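J.: I have a structure I would like to understand better, so I am pasting it below and will then ask my questions one at a time.
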Amino acid sequence: MLRYIYADDLHRFPRLARSMFVDRAAQFHQRLGWDVTLQDDGTERDDYDGMNPLYVIWEDSLGRHGGSMRFLPTTGDTMINDHFLHLTDGVEIRSPFIWECTRFCLAPGALPQVSAALMLGGMELGLANHLSHSVGVFDARMVRIYARLGWGPTILGTAGLGREATSVGLWAFEPDLRPRLLSRAGVTDELSKHWYDRSFGAPTTISQTAISA
Amino acid sequence: MLDSYIEQLQGVTTLDELNDHVVALRDALDVEHVVYHSVNSTGEQYAALTYSPEWVQHYLEKDYARIDPVVQACYRRFHPIDWKRLDWSGKNARNFMGEAVDNGIGNQGFSVPIRGPSGQFALFTVSGNASDEKWASYTQKHTRNLLLVSHFVNQKALELERGTDQVKAVNLSPRETDALTMLAMGYNRAQAADSLSISEHTLRVYIESARFKLTAMNTTHAVARALSHGLLVI
């Protein structure tokens with residue numbers, strides 16, 4: 001199932017949170033060889049995890065991390081504006097309608113549906129919050145996988161070679177793409193909405209609850 | 001209506017004037033109340049709002065920030081929040097809402113948490129009286145404008161806080177300048193993207209970024225403002 005969790009709520013999901021940061025160490029340090037900082041407890045965290053980002057996390061049936069990604073608004077501090085200007089033609093990307101997505105991570109052995117579900121989660125966030133684009137930093141070799149999932153990015157720039165190659169790209173939030181993501185993820189419209197509402201609260205009538213007080 | 005409001009916001013030079021502008025937003029946005037509340041990186045606060053002084057006084061005396069679901073939910077978040085999605089089921093929250101309704105705050109609200117540079121945080125809220133259907137259609141129609149206006153008010157507040165002697169000139173990167181220049185020359189997006197050898201999505205994002213930095217409501221305004229700032233050479 002998909003969960004949308006701000007960093008300051010991760011403590012409510014200790015097993016999920018810890019396995020996410022451990023899987024991030026496995027993916028970004030061990031598999032991709034990126035220059036990331038490992039903590040003493042074997043997890044991978046950076047400064048942006050300290051800025052209360054919003055995580056989209058796939059939780060498996062045992063309550064563990066299956067895959068995740070991390071969002072921050074581009075009006076505040078972001079990894080792209082701080083470190084990747086050379087890949088955006090020097091443009092500091094800032095807009096209330098663009099969020100940054102980084103640390104797209106899959107647990108070892110994650111099924112293809114998990115990546116599709118994460119992309120779906122990103123789409124749900126964008127559509128619900130009236131965003132135009134997400135700008136992301138990702139492993140350059142993921143491009144084809146994203147495209148196969150039915151929602152490929154526009155590449156702004158790529159640096160490095162081989163497994164250290166990193167790209168910055170744009171994803172446009174287009175409602176037309178949502179049905180394809182639902183089907184790739186094997187999730188119904190209702191279930192996806194349910195997961196979203198469970199994290200962000202389902203709309204209720206306020207005045208009635210107030211009047212009944 | 002909102003266009004001219006944003007235009008006037010540019011000319012604001014003091015916090016008192018900014019307060020008047022936030023009050024005027026009530027009519028521009030057609031809501032009962034508007035609140036802008038900012039906390040900077042050193043913890044200093046600034047607020048401009050239309051609530052009655054009595055309600056503000058009462059709220060502060062009772063320290064309602066402790067139980068106000070809006071404050072609890074929005075603090076340190078960054079997605080816009082319709083009050084309907086908050087948890088009003090607790091006794092304290094229900095009593096608080098009852099009092100808020102009695103004080104004319106309205107039975108509906110929509111809050112935009114704003115994250116600025118270096119940990120700056122602000123909250124922009126509109127509230128009013130409406131049925132669920134009317135409110136849903138209002139927010140669906142105006143969320144984009146609410147996001148824009150709230151961030152522009154915040155940019156202005158940050159600018160005023162920095163002081164007039166340090167007003168930072170709008171700084172566009174060469175690529176953003178190129179994109180706006182192409183539009184100023186009358187090219188459409190496809191032609192502009194083609195001329196700059198970038199995709200249309202990339203062009204859109206460069207223009208969007210420039211538009212936000214220029215505090216412009218739309219692309220036309222962004223081009224006009226860039227021209228008037230002398231940022232484009234054509």
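Each chain in the structure tokens gets a letter, A, B and so on, in the order shown; residues start at 1 in every chain, and ligands are counted from 1 in the order they appear.
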Dump as a list in words the residues of chain A that approach chain B to within 7 Å, counting only C-alpha atoms.
T.: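 Therefore, the residues near the partner are Asn52, Pro73, Thr75, Gly76, Asp77, Asp89, Gly90, Val91, Ile93, Arg94, Ser95, Pro96, Asn129, His130, Phe200, Gly201, Ala202, Pro203, Thr204, Thr205, Ile206, Ser207, Thr209, Ala210, Ile211 and Ala213 of chain A.
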J.: For region 141-146 of chain A, please output as a list in words all residues within 9 Å (counting only C-alpha atoms; exclusion window: fewer than 6 positions along the same chain).
T.: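 Listed by chain and then number, they are Ser115, Ala116, Met119, Gly152, Pro153, Ile155, Gly162, Arg163, Ala165, Thr166 and Ser167 of chain A.
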J.: Which residues, written as a list in words, have at least one atom at most 12 Å from Asp3 (chain B), with only C-alpha atoms counted and residues fewer than 2 positions away on the same chain left out?
T.: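 In the requested form, the answer reads Met1, Tyr5, Ile6, Glu7, Gln8, Leu9, Gln10, Leu25, Ala28, Leu29, Asn145, Leu148, Val149, Phe152, Thr215, Ala216, Met217, Asn218, Thr220, His221 and Ala222 of chain B.
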J.: If you run DSSP on the backbone here, which positions in region 123-195 of chain B get strand (DSSP E or B)? Please write them as a PyMOL selection string.
T.: chain B and resi 123-128
J.: From the list A:Ala159, A:Gly150, A:Arg18, A:Asp46, which residue is nearest Ala185 (chain A) when using only C-alpha atoms?
T.: A:Gly150
J.: Please measure the separation of CA of Glu17 (chain B) and CA of Ala65 (chain B), giving the value in Å to one decimal.
T.: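 Distance between the two atoms: 26.5 Å.
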J.: Taking into account only C-alpha atoms, which residue in the set A:Arg198, A:Arg45, A:Arg31, A:Arg3 is nearest to Ser68 (chain A)?
T.: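 Of A:Arg198, A:Arg45, A:Arg31, A:Arg3, the one nearest Ser68 (chain A) is A:Arg3, counting only C-alpha atoms.
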J.: For Met123 (chain A), find every residue with an atom within 7 Å (counting only C-alpha atoms), except residues of its own chain fewer than 4 positions away, and show them as a CSV table (one decimal) with C-alpha atoms, in the first residue's frame.
T.:
chain,number,residue,atom,x,y,z
A,119,MET,CA,4.9,6.9,-9.9
A,127,LEU,CA,-2.9,16.5,-9.4
A,173,PHE,CA,1.5,16.3,-14.2
A,178,ARG,CA,-3.2,8.6,-14.6
J.: Any chance you could list, as an MDAnalysis selection string, the residues in region 122-195 of chain A that come up helix (DSSP H, G or I) when DSSP is run on the backbone?
T.: chainID A and resid 122:128 140:148 162:164 175:185 189:195
J.: List the spatial neighbours of Leu10 (chain A) as a PyMOL selection string - criterion: any atom at most 12 Å away, only C-alpha atoms, same-chain residues fewer than 3 positions off excluded.
T.: chain A and resi 3-7+13-21+49-50+52-57
J.: To one decimal in Å, tell me the separation between CA of Val31 (chain B) and CA of Gly128 (chain B).
T.: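 Those two atoms sit 5.4 Å apart.
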J.: From the list A:Asp176, A:Asp9, A:Gly169, A:Ala25, which residue is nearest Ser199 (chain A) when using only C-alpha atoms?
T.: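 Using only C-alpha atoms, Ser199 (chain A) sits closest to A:Asp9.
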J.: Distance CA of Asp189 (chain A)-CA of Glu174 (chain A), one decimal place?
T.: 15.6 Å
J.: List the spatial neighbours of region 103-109 of chain A as a list in words - criterion: any atom at most 9 Å away, only C-alpha atoms, same-chain residues fewer than 5 positions off excluded.
T.: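 Once the nearby chain positions are removed, what remains is Ser19, Met20, Asp23, Arg24, Ala26, Gln27, Phe28, His65, Gly66, Gly67, Ser68, Met69, Arg70, Phe71, Val114, Ser115, Leu118, Gly136, Val137, Phe138 and Asp139 of chain A.
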J.: Can you write just those residues out, N, CA and C atoms, as a compact mmCIF listing (two decimals), in the first residue's frame?
T.:
# COMPACT_ATOMS: atom_id res chain seq x y z
N SER A 19 13.62 0.77 7.49
CA SER A 19 13.93 -0.04 6.31
C SER A 19 14.08 0.84 5.07
N MET A 20 13.38 1.97 5.04
CA MET A 20 13.55 2.88 3.90
C MET A 20 14.98 3.44 3.87
N ASP A 23 17.42 0.70 2.91
CA ASP A 23 17.35 0.39 1.47
C ASP A 23 17.98 1.51 0.64
N ARG A 24 17.87 2.73 1.13
CA ARG A 24 18.51 3.84 0.41
C ARG A 24 20.03 3.69 0.44
N ALA A 26 21.59 0.87 0.57
CA ALA A 26 21.89 -0.24 -0.34
C ALA A 26 21.85 0.24 -1.79
N GLN A 27 20.86 1.05 -2.13
CA GLN A 27 20.73 1.48 -3.53
C GLN A 27 21.76 2.55 -3.90
N PHE A 28 21.83 3.62 -3.12
CA PHE A 28 22.64 4.76 -3.57
C PHE A 28 24.13 4.59 -3.26
N HIS A 65 9.61 -1.31 3.99
CA HIS A 65 9.76 -0.46 2.82
C HIS A 65 9.89 -1.28 1.53
N GLY A 66 9.06 -0.96 0.53
CA GLY A 66 9.19 -1.60 -0.77
C GLY A 66 9.77 -0.65 -1.80
N GLY A 67 9.59 0.63 -1.57
CA GLY A 67 10.12 1.66 -2.47
C GLY A 67 9.66 3.01 -1.98
N SER A 68 10.34 4.05 -2.42
CA SER A 68 9.98 5.38 -1.90
C SER A 68 10.57 6.49 -2.76
N MET A 69 10.08 7.67 -2.54
CA MET A 69 10.70 8.87 -3.08
C MET A 69 10.38 10.04 -2.17
N ARG A 70 11.05 11.16 -2.42
CA ARG A 70 11.02 12.26 -1.45
C ARG A 70 10.71 13.58 -2.16
N PHE A 71 9.77 14.31 -1.61
CA PHE A 71 9.37 15.58 -2.24
C PHE A 71 9.68 16.78 -1.34
N VAL A 114 5.71 -2.03 -7.90
CA VAL A 114 6.07 -1.06 -6.86
C VAL A 114 6.51 0.25 -7.49
N SER A 115 7.37 0.17 -8.54
CA SER A 115 7.79 1.43 -9.17
C SER A 115 6.60 2.13 -9.81
N LEU A 118 4.66 3.88 -7.11
CA LEU A 118 5.32 5.10 -6.66
C LEU A 118 5.08 6.24 -7.64
N GLY A 136 13.21 16.33 -10.91
CA GLY A 136 13.83 15.25 -10.14
C GLY A 136 15.30 15.04 -10.44
N VAL A 137 16.01 14.50 -9.44
CA VAL A 137 17.38 14.03 -9.62
C VAL A 137 17.31 12.51 -9.57
N PHE A 138 17.90 11.84 -10.56
CA PHE A 138 17.78 10.38 -10.55
C PHE A 138 18.93 9.73 -11.30
N ASP A 139 19.07 8.44 -11.03
CA ASP A 139 20.03 7.59 -11.71
C ASP A 139 19.69 7.58 -13.21
